>>> print(open('my_file-v1.cif').read())   # mmCIF, C-alpha atoms and all ligand atoms
data_input
#
loop_
_atom_site.label_atom_id
_atom_site.label_comp_id
_atom_site.auth_asym_id
_atom_site.auth_seq_id
_atom_site.Cartn_x
_atom_site.Cartn_y
_atom_site.Cartn_z
CA MET A 1 29.19 21.35 10.06
CA GLN A 2 29.87 21.51 6.38
CA LEU A 3 28.07 23.44 3.69
CA PHE A 4 27.59 22.15 0.19
CA GLU A 5 30.78 22.78 -1.72
CA LYS A 6 29.19 22.76 -5.10
CA LEU A 7 25.74 21.78 -6.26
CA ILE A 8 25.66 19.93 -9.54
CA GLU A 9 22.92 19.87 -12.15
CA TYR A 10 20.30 17.13 -12.09
CA ARG A 11 21.40 15.86 -15.52
CA ASP A 12 25.02 15.64 -14.37
CA ALA A 13 24.04 13.76 -11.23
CA GLU A 14 22.04 11.29 -13.29
CA ARG A 15 24.99 10.81 -15.66
CA LEU A 16 27.55 10.44 -12.85
CA VAL A 17 25.51 7.72 -11.16
CA LEU A 18 25.36 5.70 -14.37
CA GLU A 19 29.02 6.30 -15.24
CA ASN A 20 29.97 4.86 -11.87
CA THR A 21 27.69 1.84 -12.01
CA PHE A 22 28.32 -1.47 -13.78
CA ARG A 23 26.68 -4.75 -14.52
CA LEU A 24 27.02 -7.22 -11.69
CA PRO A 25 28.81 -10.53 -12.23
CA VAL A 26 27.07 -13.41 -13.93
CA GLU A 27 25.43 -15.97 -11.69
CA GLU A 28 23.54 -19.19 -12.35
CA ILE A 29 20.09 -18.77 -10.88
CA SER A 30 17.35 -21.37 -10.53
CA LEU A 31 14.68 -21.18 -13.18
CA GLU A 32 12.13 -20.35 -10.51
CA GLU A 33 14.06 -17.26 -9.39
CA ALA A 34 15.02 -15.93 -12.81
CA LEU A 35 11.90 -13.96 -13.66
CA GLY A 36 12.67 -10.34 -14.58
CA LEU A 37 16.43 -10.78 -14.81
CA VAL A 38 18.51 -10.60 -17.97
CA LEU A 39 20.27 -13.49 -19.65
CA ALA A 40 24.03 -13.17 -19.56
CA ARG A 41 24.80 -15.71 -22.32
CA ASP A 42 23.17 -17.11 -25.45
CA LEU A 43 21.23 -20.26 -24.66
CA ARG A 44 21.23 -23.21 -27.04
CA ALA A 45 18.75 -26.03 -27.43
CA THR A 46 20.16 -29.13 -25.74
CA VAL A 47 17.61 -31.45 -27.36
CA ASP A 48 15.17 -31.45 -30.24
CA SER A 49 11.87 -30.12 -29.03
CA PRO A 50 9.64 -31.97 -29.10
CA PRO A 51 12.15 -34.79 -28.72
CA PHE A 52 10.07 -37.30 -30.77
CA ASP A 53 7.17 -37.31 -33.23
CA ASN A 54 3.98 -37.34 -31.20
CA SER A 55 0.25 -37.05 -31.52
CA ALA A 56 -1.56 -33.73 -31.30
CA VAL A 57 -4.90 -35.44 -30.57
CA ASP A 58 -6.57 -38.33 -28.80
CA GLY A 59 -7.45 -41.02 -31.33
CA TYR A 60 -5.67 -43.64 -33.40
CA ALA A 61 -2.30 -43.76 -35.16
CA VAL A 62 -2.73 -45.21 -38.67
CA ARG A 63 -1.06 -45.50 -42.06
CA SER A 64 -2.42 -42.68 -44.20
CA ALA A 65 -2.42 -45.07 -47.21
CA ASP A 66 -5.16 -47.10 -45.47
CA ALA A 67 -7.14 -44.14 -44.22
CA GLU A 68 -10.19 -43.99 -46.42
CA VAL A 69 -13.75 -43.40 -45.25
CA GLY A 70 -15.60 -46.56 -44.24
CA ARG A 71 -12.50 -48.69 -43.63
CA VAL A 72 -12.52 -50.78 -40.47
CA PHE A 73 -9.26 -50.89 -38.46
CA LYS A 74 -8.04 -53.41 -35.93
CA VAL A 75 -6.57 -51.85 -32.75
CA VAL A 76 -3.34 -53.69 -31.87
CA ASP A 77 -1.77 -51.65 -29.04
CA GLU A 78 -1.93 -48.30 -27.27
CA ALA A 79 0.43 -45.35 -26.82
CA PRO A 80 -0.48 -43.00 -23.97
CA ALA A 81 1.78 -40.01 -23.27
CA GLY A 82 4.96 -41.25 -21.59
CA ARG A 83 4.65 -44.91 -22.67
CA PRO A 84 5.47 -45.75 -26.30
CA ALA A 85 3.60 -48.67 -27.93
CA GLU A 86 5.44 -51.97 -28.26
CA LYS A 87 3.85 -52.92 -31.57
CA SER A 88 4.05 -51.18 -34.90
CA VAL A 89 1.19 -50.36 -37.24
CA GLY A 90 0.64 -52.74 -40.18
CA GLU A 91 -1.87 -52.54 -43.01
CA GLY A 92 -5.42 -52.12 -41.72
CA GLU A 93 -4.13 -51.74 -38.17
CA ALA A 94 -4.24 -48.87 -35.72
CA ILE A 95 -2.76 -48.05 -32.32
CA LYS A 96 -4.81 -46.15 -29.77
CA ILE A 97 -2.93 -42.94 -29.00
CA PHE A 98 -3.35 -39.92 -26.71
CA THR A 99 -2.05 -36.37 -26.98
CA GLY A 100 1.72 -36.42 -26.55
CA GLY A 101 1.98 -40.17 -27.22
CA VAL A 102 4.90 -41.34 -29.36
CA ILE A 103 3.89 -42.04 -32.96
CA PRO A 104 4.38 -45.79 -33.39
CA ASP A 105 6.53 -47.27 -36.13
CA GLY A 106 4.58 -47.73 -39.34
CA ALA A 107 2.09 -44.92 -38.66
CA ASP A 108 2.31 -41.58 -40.45
CA ALA A 109 -0.90 -39.92 -39.28
CA THR A 110 -3.30 -39.86 -36.37
CA VAL A 111 -7.05 -39.56 -36.60
CA MET A 112 -9.20 -37.95 -33.94
CA VAL A 113 -11.49 -40.33 -32.11
CA GLU A 114 -14.33 -37.96 -33.05
CA ASN A 115 -13.76 -38.93 -36.70
CA THR A 116 -14.18 -42.66 -35.99
CA SER A 117 -16.92 -44.90 -34.68
CA GLY A 118 -15.30 -44.54 -31.23
CA TRP A 119 -13.05 -46.37 -28.77
CA GLY A 120 -12.90 -50.15 -29.06
CA ALA A 121 -11.01 -53.18 -30.32
CA GLU A 122 -12.04 -52.12 -33.83
CA PHE A 123 -13.34 -48.89 -35.31
CA GLU A 124 -14.63 -47.53 -38.57
CA LEU A 125 -13.06 -44.41 -40.04
CA LYS A 126 -15.57 -41.61 -40.79
CA LYS A 127 -13.19 -39.10 -42.35
CA ALA A 128 -10.20 -39.70 -44.61
CA ALA A 129 -6.72 -38.85 -43.29
CA VAL A 130 -3.60 -37.57 -45.02
CA ALA A 131 0.07 -38.21 -44.24
CA GLY A 132 1.38 -36.08 -41.37
CA GLN A 133 -2.06 -35.29 -40.06
CA ASN A 134 -2.20 -34.38 -36.35
CA LEU A 135 1.51 -35.09 -35.92
CA ARG A 136 3.87 -32.89 -33.96
CA VAL A 137 7.19 -33.53 -35.56
CA ALA A 138 10.41 -33.84 -33.55
CA GLY A 139 12.38 -30.59 -33.51
CA GLN A 140 9.57 -28.38 -34.82
CA ASP A 141 9.78 -26.08 -31.78
CA ALA A 142 13.59 -26.07 -31.55
CA ARG A 143 16.42 -28.14 -33.00
CA LYS A 144 19.31 -29.29 -30.84
CA GLY A 145 22.08 -26.70 -31.10
CA ASP A 146 19.82 -23.79 -32.16
CA ILE A 147 20.18 -20.55 -30.23
CA ILE A 148 16.84 -20.26 -28.46
CA LEU A 149 17.50 -17.17 -26.31
CA ARG A 150 20.13 -14.48 -26.54
CA GLU A 151 22.37 -12.63 -24.13
CA GLY A 152 20.49 -9.50 -23.10
CA ASP A 153 17.04 -11.07 -23.36
CA ARG A 154 14.83 -10.27 -20.44
CA ILE A 155 13.45 -13.36 -18.76
CA GLY A 156 9.68 -13.31 -18.75
CA ALA A 157 7.28 -16.22 -18.42
CA PRO A 158 7.72 -17.35 -22.09
CA GLU A 159 11.51 -17.40 -21.72
CA VAL A 160 11.19 -19.46 -18.54
CA ALA A 161 8.95 -21.89 -20.41
CA LEU A 162 11.31 -22.19 -23.36
CA ALA A 163 14.35 -22.77 -21.13
CA ALA A 164 12.45 -25.45 -19.21
CA THR A 165 11.54 -27.30 -22.44
CA GLN A 166 15.29 -27.56 -22.96
CA GLY A 167 16.00 -28.96 -19.53
CA TYR A 168 17.68 -25.88 -18.06
CA GLY A 169 17.23 -25.91 -14.28
CA GLU A 170 19.35 -22.79 -13.92
CA LEU A 171 19.98 -19.78 -16.11
CA PRO A 172 23.03 -17.53 -16.37
CA VAL A 173 21.92 -14.02 -15.45
CA TYR A 174 23.38 -10.73 -14.33
CA ARG A 175 23.06 -11.06 -10.60
CA ARG A 176 20.29 -9.36 -8.67
CA PRO A 177 21.76 -6.44 -6.69
CA LYS A 178 21.83 -6.79 -2.91
CA VAL A 179 20.54 -3.59 -1.37
CA VAL A 180 20.80 -2.72 2.32
CA VAL A 181 18.63 0.12 3.56
CA LEU A 182 19.19 2.13 6.73
CA SER A 183 17.18 4.95 8.24
CA THR A 184 18.93 7.49 10.40
CA GLY A 185 17.18 9.63 12.98
CA THR A 186 16.67 9.40 16.74
CA GLU A 187 13.04 10.45 16.27
CA LEU A 188 12.17 7.26 14.40
CA VAL A 189 10.00 4.48 15.80
CA GLU A 190 9.51 1.09 14.23
CA PRO A 191 5.89 0.88 12.98
CA GLY A 192 3.78 -1.70 14.77
CA THR A 193 5.90 -1.78 17.93
CA ARG A 194 4.44 0.95 20.13
CA GLU A 195 2.73 4.33 20.17
CA LEU A 196 4.58 7.56 19.53
CA VAL A 197 5.62 9.94 22.27
CA PRO A 198 5.97 13.67 21.49
CA GLY A 199 8.73 14.36 19.02
CA GLU A 200 8.69 10.92 17.48
CA ILE A 201 7.49 9.73 14.08
CA PHE A 202 7.31 6.30 12.52
CA ASP A 203 10.11 5.25 10.22
CA SER A 204 8.55 5.11 6.76
CA ASN A 205 11.58 5.61 4.53
CA SER A 206 13.30 2.31 5.09
CA PHE A 207 10.11 0.46 4.23
CA ALA A 208 9.48 2.65 1.20
CA ILE A 209 13.01 2.20 -0.10
CA VAL A 210 13.01 -1.57 0.37
CA ALA A 211 9.73 -1.68 -1.56
CA GLN A 212 11.17 0.47 -4.34
CA ALA A 213 14.32 -1.63 -4.53
CA ARG A 214 12.36 -4.87 -4.75
CA GLU A 215 10.12 -3.39 -7.37
CA ALA A 216 13.29 -2.64 -9.34
CA GLY A 217 14.31 -6.31 -9.12
CA ALA A 218 16.81 -6.03 -6.28
CA GLU A 219 17.15 -8.17 -3.19
CA ALA A 220 16.66 -5.66 -0.39
CA ARG A 221 16.68 -5.70 3.40
CA ARG A 222 16.52 -3.15 6.20
CA LEU A 223 19.25 -2.78 8.72
CA TYR A 224 18.45 -1.09 11.99
CA ALA A 225 20.17 2.21 12.64
CA ALA A 226 17.40 4.77 13.40
CA SER A 227 19.68 6.94 15.45
CA ASP A 228 21.77 10.06 15.12
CA ASP A 229 24.60 8.56 17.13
CA ALA A 230 27.74 8.48 15.02
CA ASN A 231 28.86 5.14 16.44
CA VAL A 232 25.56 3.40 15.82
CA LEU A 233 25.49 4.71 12.30
CA ARG A 234 29.09 3.81 11.65
CA LYS A 235 28.62 0.26 12.84
CA ALA A 236 25.51 -0.26 10.73
CA VAL A 237 26.97 1.27 7.59
CA LYS A 238 30.15 -0.73 8.01
CA GLU A 239 28.16 -3.95 8.16
CA ALA A 240 26.09 -2.85 5.19
CA LEU A 241 29.12 -1.98 3.08
CA GLU A 242 30.52 -5.46 3.63
CA THR A 243 27.51 -7.35 2.34
CA ALA A 244 25.72 -5.07 -0.09
CA ASP A 245 26.16 -4.01 -3.71
CA VAL A 246 24.20 -0.88 -2.89
CA VAL A 247 23.81 0.81 0.47
CA VAL A 248 21.02 3.34 0.80
CA THR A 249 20.57 5.54 3.84
CA SER A 250 17.86 8.07 4.49
CA GLY A 251 18.25 11.25 6.46
CA GLY A 252 21.20 12.88 8.14
CA VAL A 253 22.81 13.94 4.92
CA SER A 254 22.09 17.67 4.93
CA VAL A 255 23.97 20.45 6.67
CA GLY A 256 22.42 20.12 10.15
CA GLU A 257 24.59 19.36 13.16
CA LYS A 258 23.17 15.84 13.41
CA ASP A 259 23.82 15.15 9.76
CA LEU A 260 26.46 12.51 10.15
CA VAL A 261 26.12 10.45 7.02
CA LYS A 262 28.70 12.26 4.97
CA SER A 263 31.45 12.25 7.60
CA THR A 264 30.71 8.60 8.39
CA MET A 265 31.17 7.75 4.73
CA LEU A 266 34.44 9.59 4.62
CA ASP A 267 35.56 7.64 7.69
CA LEU A 268 34.66 4.32 6.14
CA GLY A 269 36.55 5.01 2.94
CA VAL A 270 33.63 5.81 0.68
CA GLU A 271 34.78 8.05 -2.12
CA GLN A 272 32.42 10.89 -2.78
CA VAL A 273 31.24 11.29 -6.37
CA PHE A 274 28.91 14.14 -5.55
CA TRP A 275 27.04 15.73 -2.69
CA GLY A 276 24.30 18.22 -3.43
CA VAL A 277 22.19 18.43 -6.57
CA LYS A 278 20.34 21.40 -8.01
CA PHE A 279 17.19 19.44 -7.69
CA LYS A 280 13.95 19.53 -5.74
CA PRO A 281 13.04 17.48 -3.83
CA GLY A 282 16.42 16.15 -2.84
CA LYS A 283 19.12 18.78 -2.79
CA PRO A 284 21.37 17.03 -0.21
CA LEU A 285 21.62 13.76 -2.18
CA TYR A 286 25.01 12.09 -1.67
CA PHE A 287 26.55 9.50 -3.96
CA GLY A 288 29.80 7.67 -3.43
CA THR A 289 31.62 4.42 -4.14
CA ARG A 290 33.79 2.04 -2.19
CA GLY A 291 35.27 -0.75 -4.27
CA GLU A 292 32.36 -2.46 -5.97
CA THR A 293 29.81 -1.02 -3.57
CA ARG A 294 27.66 1.98 -4.40
CA PHE A 295 26.45 4.26 -1.65
CA PHE A 296 23.44 6.58 -1.83
CA GLY A 297 22.72 8.97 1.02
CA LEU A 298 19.12 10.01 0.42
CA PRO A 299 17.54 12.98 2.18
CA GLY A 300 15.28 12.20 5.13
CA ASN A 301 12.13 13.90 3.94
CA PRO A 302 10.02 11.00 2.75
CA VAL A 303 9.10 12.48 -0.63
CA SER A 304 12.71 13.50 -1.28
CA ALA A 305 13.92 10.03 -0.38
CA MET A 306 11.46 8.29 -2.68
CA VAL A 307 11.87 10.69 -5.58
CA CYS A 308 15.66 10.50 -5.33
CA PHE A 309 15.40 6.74 -5.32
CA GLU A 310 13.29 6.84 -8.48
CA LEU A 311 15.57 9.20 -10.34
CA PHE A 312 19.02 8.06 -9.20
CA VAL A 313 19.00 4.69 -7.43
CA ARG A 314 16.54 2.86 -9.66
CA PRO A 315 18.48 3.55 -12.88
CA ALA A 316 21.62 2.26 -11.15
CA LEU A 317 19.87 -0.97 -10.11
CA MET A 318 18.60 -1.39 -13.66
CA ARG A 319 22.08 -1.00 -15.05
CA MET A 320 23.49 -3.53 -12.59
CA THR A 321 21.14 -6.20 -13.91
CA GLY A 322 21.53 -5.23 -17.58
CA ARG A 323 18.12 -3.66 -17.88
CA GLU A 324 19.00 -0.12 -18.89
CA ASP A 325 16.13 -0.31 -21.35
CA ARG A 326 13.67 -0.80 -18.52
CA ARG A 327 13.89 2.74 -17.26
CA ARG A 328 10.66 4.50 -16.44
CA PRO A 329 9.04 5.76 -19.62
CA ARG A 330 9.63 9.41 -20.37
CA MET A 331 7.24 11.49 -22.43
CA ASN A 332 6.15 15.03 -23.05
CA VAL A 333 3.20 16.41 -21.14
CA TYR A 334 1.67 19.88 -20.98
CA PHE A 335 0.05 22.07 -18.35
CA ASP A 336 -3.12 24.14 -18.82
CA ASP A 337 -1.56 27.07 -16.99
CA ASP A 338 1.89 28.58 -16.69
CA VAL A 339 3.99 26.82 -14.05
CA ARG A 340 6.48 28.83 -12.05
CA ASN A 341 9.67 27.54 -10.55
CA GLU A 342 10.94 29.66 -7.67
CA PHE A 343 13.45 27.16 -6.41
CA GLY A 344 16.44 27.96 -8.57
CA ARG A 345 16.83 24.25 -9.35
CA MET A 346 15.15 21.52 -11.34
CA HIS A 347 11.81 20.69 -9.81
CA ALA A 348 10.54 17.16 -10.21
CA MET A 349 6.90 18.05 -9.71
CA ARG A 350 4.43 15.38 -8.67
CA VAL A 351 1.63 15.44 -11.20
CA SER A 352 -1.42 13.46 -12.17
CA LEU A 353 -1.93 12.76 -15.88
CA GLU A 354 -4.94 12.83 -18.10
CA ARG A 355 -5.21 11.95 -21.78
CA THR A 356 -6.74 14.72 -23.89
CA GLU A 357 -6.95 15.37 -27.63
CA LYS A 358 -3.86 17.60 -27.24
CA GLY A 359 -1.79 14.87 -25.57
CA TRP A 360 -1.10 14.19 -21.91
CA ARG A 361 -2.25 16.95 -19.61
CA ALA A 362 -0.37 17.22 -16.33
CA GLU A 363 -1.72 18.74 -13.16
CA SER A 364 0.07 19.24 -9.87
CA VAL A 365 -1.18 16.80 -7.24
CA GLY A 366 -1.47 19.82 -4.92
CA ALA A 367 0.95 20.94 -2.24
CA GLN A 368 4.47 19.80 -3.12
CA GLY A 369 5.96 19.70 0.40
CA SER A 370 8.69 17.10 0.84
CA GLY A 371 7.00 15.55 3.85
CA LEU A 372 3.67 14.87 2.15
CA VAL A 373 3.75 11.13 1.64
CA SER A 374 0.08 11.15 0.67
CA SER A 375 0.97 13.28 -2.37
CA LEU A 376 3.00 10.41 -3.79
CA THR A 377 0.04 8.09 -3.81
CA LYS A 378 -1.66 10.55 -6.17
CA ALA A 379 1.29 11.13 -8.50
CA ASP A 380 1.27 9.45 -11.91
CA ALA A 381 4.47 11.14 -13.02
CA LEU A 382 7.24 13.59 -12.18
CA ALA A 383 7.28 16.58 -14.50
CA LEU A 384 10.75 18.10 -14.80
CA ILE A 385 10.42 21.85 -14.41
CA GLY A 386 13.70 23.67 -14.87
CA PRO A 387 16.69 23.83 -14.82
CA GLU A 388 17.47 26.79 -12.56
CA SER A 389 14.32 28.88 -12.18
CA LYS A 390 13.00 28.15 -15.62
CA GLY A 391 9.25 27.64 -15.45
CA VAL A 392 6.99 26.43 -18.24
CA ARG A 393 4.30 28.08 -20.24
CA ALA A 394 0.80 26.78 -20.61
CA GLY A 395 0.70 24.26 -23.45
CA ASP A 396 4.47 23.90 -23.82
CA PRO A 397 5.93 20.38 -23.86
CA VAL A 398 7.53 19.30 -20.57
CA GLU A 399 9.48 16.12 -20.05
CA ALA A 400 7.84 13.81 -17.54
CA ILE A 401 8.95 10.54 -15.97
CA VAL A 402 6.01 8.20 -15.73
CA LEU A 403 5.78 6.43 -12.38
CA ARG A 404 2.56 4.58 -13.04
CA GLU A 405 2.80 2.89 -16.39
CA GLU A 406 -0.74 1.59 -16.05
CA VAL A 407 -2.09 5.13 -16.33
CA VAL A 408 -0.42 5.63 -19.70
CA LEU A 409 -1.11 2.12 -20.99
CA GLY A 410 -4.77 2.48 -20.00
P1 LIG B 501 16.90 14.73 7.94
O1 LIG B 501 17.29 14.66 6.51
O2 LIG B 501 17.48 13.63 8.75
O3 LIG B 501 17.15 16.09 8.51
O4 LIG B 501 15.34 14.51 7.96
C1 LIG B 501 14.47 15.41 7.31
C2 LIG B 501 13.05 15.14 7.73
O5 LIG B 501 12.67 13.83 7.32
C3 LIG B 501 12.82 15.18 9.21
O6 LIG B 501 11.55 15.76 9.44
C4 LIG B 501 12.84 13.74 9.62
O7 LIG B 501 12.11 13.49 10.79
C5 LIG B 501 12.19 13.08 8.43
N1 LIG B 501 12.68 11.72 8.30
C6 LIG B 501 13.97 11.33 8.32
N2 LIG B 501 14.09 10.02 8.21
C7 LIG B 501 12.84 9.53 8.10
C8 LIG B 501 12.30 8.23 7.97
N3 LIG B 501 13.09 7.15 7.91
N4 LIG B 501 10.96 8.08 7.88
C9 LIG B 501 10.18 9.17 7.93
N5 LIG B 501 10.62 10.41 8.05
C10 LIG B 501 11.93 10.61 8.16
MG MG B 502 17.64 13.22 10.68
#
>>> encode(input="my_file-v1.cif", output="structure tokens", more="lines below")
Ligand code: AMP
Ligand code: MG
Amino acid sequence: MQLFEKLIEYRDAERLVLENTFRLPVEEISLEEALGLVLARDLRATVDSPPFDNSAVDGYAVRSADAEVGRVFKVVDEAPAGRPAEKSVGEGEAIKIFTGGVIPDGADATVMVENTSGWGAEFELKKAAVAGQNLRVAGQDARKGDIILREGDRIGAPEVALAATQGYGELPVYRRPKVVVLSTGTELVEPGTRELVPGEIFDSNSFAIVAQAREAGAEARRLYAASDDANVLRKAVKEALETADVVVTSGGVSVGEKDLVKSTMLDLGVEQVFWGVKFKPGKPLYFGTRGETRFFGLPGNPVSAMVCFELFVRPALMRMTGREDRRRPRMNVYFDDDVRNEFGRMHAMRVSLERTEKGWRAESVGAQGSGLVSSLTKADALALIGPESKGVRAGDPVEAIVLREEVVLG
């Protein structure tokens, strides 16, 4: 058994994780899969958009010089979207046209059918038209060669739309991290498979961590380990290290006799960056690297595992995809009463938030035990109380990490 050599401060742990994490290589990804990722190159328009002058309305294409009220036009052809007219528009002539139809030669305006006597071989114009009316001019959205999106832009629905208008079937992005998640612990039972016998509990961490990783934009999968047997663990971690950008384990990382994660890592050539943080919940957190792979050994207590993921793993995943700016929002909150901190380390306290005229009021969700998964469903934010045993006074500003943005956005 080993004891912690040296506990580091929460802020140092946070910094060390980011200093040892880098953007993943650029990959072309299909337009359908690109949502939420970050563009790795500037994107240029490959064509004028729209590619041709077309009608913004259903009606008739005419020469604006002819388009006075009361004039009767002869309809000589039609131009539905996707099928340009064969004829051109001469004096006193019109071509029936629909939204998106190519403006025929000779025409310089379209009139809405509502402003005519209606559909037919002839029609009478009820409202005068001017040149350019109801036309969507080629290139008005983007001109061929223009930069339409920039490196670093986050791909949301509008960016997907714009790229599609330019014929991009794939986009260059910083690759989505591949995360492999393993639970350790002989007591763990796969939910949905059978009932518990005394001493057992259901594995919740691996599901929680996969959910957190996916929410952070990673590709995540579970790998079965659920054991405290060194060989089982070693085999699973070895497999994980070969395929993953990030390996996350839960449990077995403290100073108990069955805590095999750290020695297994050492065995497999993972270089330790730190082990042990002056932080609650999550003191035994382990972080190491092997080549391009990052390894996080999260504590087994479910709240510790999830909070450590939030504060250490999530920022790393964000950095890997170029989304450092998409960290959880941080803001100052206050408490109505003094808050003590008897732990001698930074306490990330689960709190609910309420907007008041004085700002955001935080309140503990209740008992802060590291096994209380239900407490996390009530937490809007983590209020950082500390460092060391520093508490906070009623009304003083306290930094909080907002977990539920919807609460703050209203
Ligand atoms: P450990 O860090 O392995 O000593 O585990 C600390 C506590 O967390 C113990 O009560 C474990 O039973 C519990 N625990 C560990 N892993 C999991 C898991 N995957 N799901 C739920 N609870 C767990
Ligand atoms: Mg364990």
>>> axis_aligned_box(input="my_file-v1.cif", around="range 58-74 of chain A", padding_each_side="3 Å", output="JSON")
{"center_x": -8.3, "center_y": -45.9, "center_z": -38.0, "size_x": 20.5, "size_y": 21.1, "size_z": 24.4}
>>> residues_near_ligand(input="my_file-v1.cif", ligand="ligand LIG 501 (chain B)", cutoff="10 Å", atoms="all atoms listed in the file", output="PyMOL selection string")
chain A and resi 181-190+199-209+225-228+249-261+282+284-285+297-305+370-371+373
>>> closest_residue(input="my_file-v1.cif", among="A:Gly90, A:Gly120, A:Pro172, A:Pro84", to="Leu43 in chain A", atoms="all atoms listed in the file")
A:Pro172
>>> residues_around(input="my_file-v1.cif", residues="range 44-55 of chain A", least_positions_apart="5", cutoff="7 Å", atoms="only C-alpha atoms", output="list in words")
Phe98, Thr99, Gly100, Gly101, Val102, Ile103, Thr110, Asn134, Leu135, Arg136, Val137, Ala138, Gly139, Gln140, Asp141, Ala142, Arg143, Lys144, Gly145, Asp146, Ile147, Ile148 and Gln166 of chain A
>>> residues_around(input="my_file-v1.cif", residues="Trp275 in chain A", least_positions_apart="6", cutoff="9 Å", atoms="all atoms listed in the file", output="PyMOL selection string")
chain A and resi 4-8+253+262+283-288+297
>>> atom_distance(input="my_file-v1.cif", atom1="CA of Arg41 in chain A", atom2="CA of Arg326 in chain A")
19.0 Å
>>> atom_distance(input="my_file-v1.cif", atom1="CA of Ala236 in chain A", atom2="CA of Val210 in chain A")
16.3 Å
>>> closest_residue(input="my_file-v1.cif", among="A:Leu162, A:Ala56, A:Leu403, A:Leu233", to="ligand MG 502 (chain B)", atoms="all atoms listed in the file")
A:Leu233
>>> closest_residue(input="my_file-v1.cif", among="A:Gly269, A:Pro177, A:Gly395, A:Pro25", to="Lys238 in chain A", atoms="only C-alpha atoms")
A:Gly269
>>> closest_residue(input="my_file-v1.cif", among="A:Val307, A:Ala157, A:Val392, A:Leu35", to="Arg350 in chain A", atoms="all atoms listed in the file")
A:Val307
>>> closest_residue(input="my_file-v1.cif", among="A:Glu215, A:Glu91, A:Asp105, A:Asp229", to="ligand MG 502 (chain B)", atoms="only C-alpha atoms and all ligand atoms")
A:Asp229
>>> atom_distance(input="my_file-v1.cif", atom1="CA of Gly359 in chain A", atom2="CA of Pro315 in chain A")
26.5 Å
>>> residues_near_point(input="my_file-v1.cif", point="(8.1, 14.8, -18.7)", cutoff="8 Å", atoms="all atoms listed in the file", output="PyMOL selection string")
chain A and resi 330-333+381-384+397-402
>>> closest_residue(input="my_file-v1.cif", among="A:Ala230, A:Gly391, A:Phe73, A:Val62", to="ligand MG 502 (chain B)", atoms="only C-alpha atoms and all ligand atoms")
A:Ala230
>>> residues_around(input="my_file-v1.cif", residues="Phe295 in chain A", least_positions_apart="5", cutoff="10 Å", atoms="only C-alpha atoms", output="PDB file with C-alpha atoms, in the coordinates of the input")
ATOM      1  CA  VAL A 179      20.540  -3.590  -1.370  1.00  0.00           C
ATOM      2  CA  VAL A 180      20.800  -2.720   2.320  1.00  0.00           C
ATOM      3  CA  VAL A 237      26.970   1.270   7.590  1.00  0.00           C
ATOM      4  CA  ALA A 240      26.090  -2.850   5.190  1.00  0.00           C
ATOM      5  CA  LEU A 241      29.120  -1.980   3.080  1.00  0.00           C
ATOM      6  CA  ALA A 244      25.720  -5.070  -0.090  1.00  0.00           C
ATOM      7  CA  ASP A 245      26.160  -4.010  -3.710  1.00  0.00           C
ATOM      8  CA  VAL A 246      24.200  -0.880  -2.890  1.00  0.00           C
ATOM      9  CA  VAL A 247      23.810   0.810   0.470  1.00  0.00           C
ATOM     10  CA  VAL A 248      21.020   3.340   0.800  1.00  0.00           C
ATOM     11  CA  THR A 249      20.570   5.540   3.840  1.00  0.00           C
ATOM     12  CA  MET A 265      31.170   7.750   4.730  1.00  0.00           C
ATOM     13  CA  VAL A 270      33.630   5.810   0.680  1.00  0.00           C
ATOM     14  CA  GLU A 271      34.780   8.050  -2.120  1.00  0.00           C
ATOM     15  CA  GLN A 272      32.420  10.890  -2.780  1.00  0.00           C
ATOM     16  CA  VAL A 273      31.240  11.290  -6.370  1.00  0.00           C
ATOM     17  CA  TYR A 286      25.010  12.090  -1.670  1.00  0.00           C
ATOM     18  CA  PHE A 287      26.550   9.500  -3.960  1.00  0.00           C
ATOM     19  CA  GLY A 288      29.800   7.670  -3.430  1.00  0.00           C
ATOM     20  CA  THR A 289      31.620   4.420  -4.140  1.00  0.00           C
ATOM     21  CA  ARG A 290      33.790   2.040  -2.190  1.00  0.00           C
ATOM     22  CA  VAL A 313      19.000   4.690  -7.430  1.00  0.00           C
TER      23      VAL A 313
END
>>> decode(input="my_file-v1.cif", residues="range 157-162 of chain A", atoms="N, CA and C atoms", output="compact mmCIF listing (two decimals), in the first residue's frame")
# COMPACT_ATOMS: atom_id res chain seq x y z
N ALA A 157 -26.12 24.48 -36.09
CA ALA A 157 -27.02 24.23 -37.23
C ALA A 157 -26.81 25.26 -38.35
N PRO A 158 -26.65 26.57 -38.07
CA PRO A 158 -26.46 27.51 -39.18
C PRO A 158 -25.18 27.25 -39.97
N GLU A 159 -24.13 26.84 -39.28
CA GLU A 159 -22.86 26.55 -39.96
C GLU A 159 -23.00 25.31 -40.85
N VAL A 160 -23.75 24.32 -40.35
CA VAL A 160 -24.02 23.13 -41.17
C VAL A 160 -24.77 23.55 -42.43
N ALA A 161 -25.76 24.41 -42.26
CA ALA A 161 -26.56 24.86 -43.41
C ALA A 161 -25.68 25.59 -44.42
N LEU A 162 -24.87 26.49 -43.93
CA LEU A 162 -24.03 27.29 -44.84
C LEU A 162 -23.04 26.40 -45.60
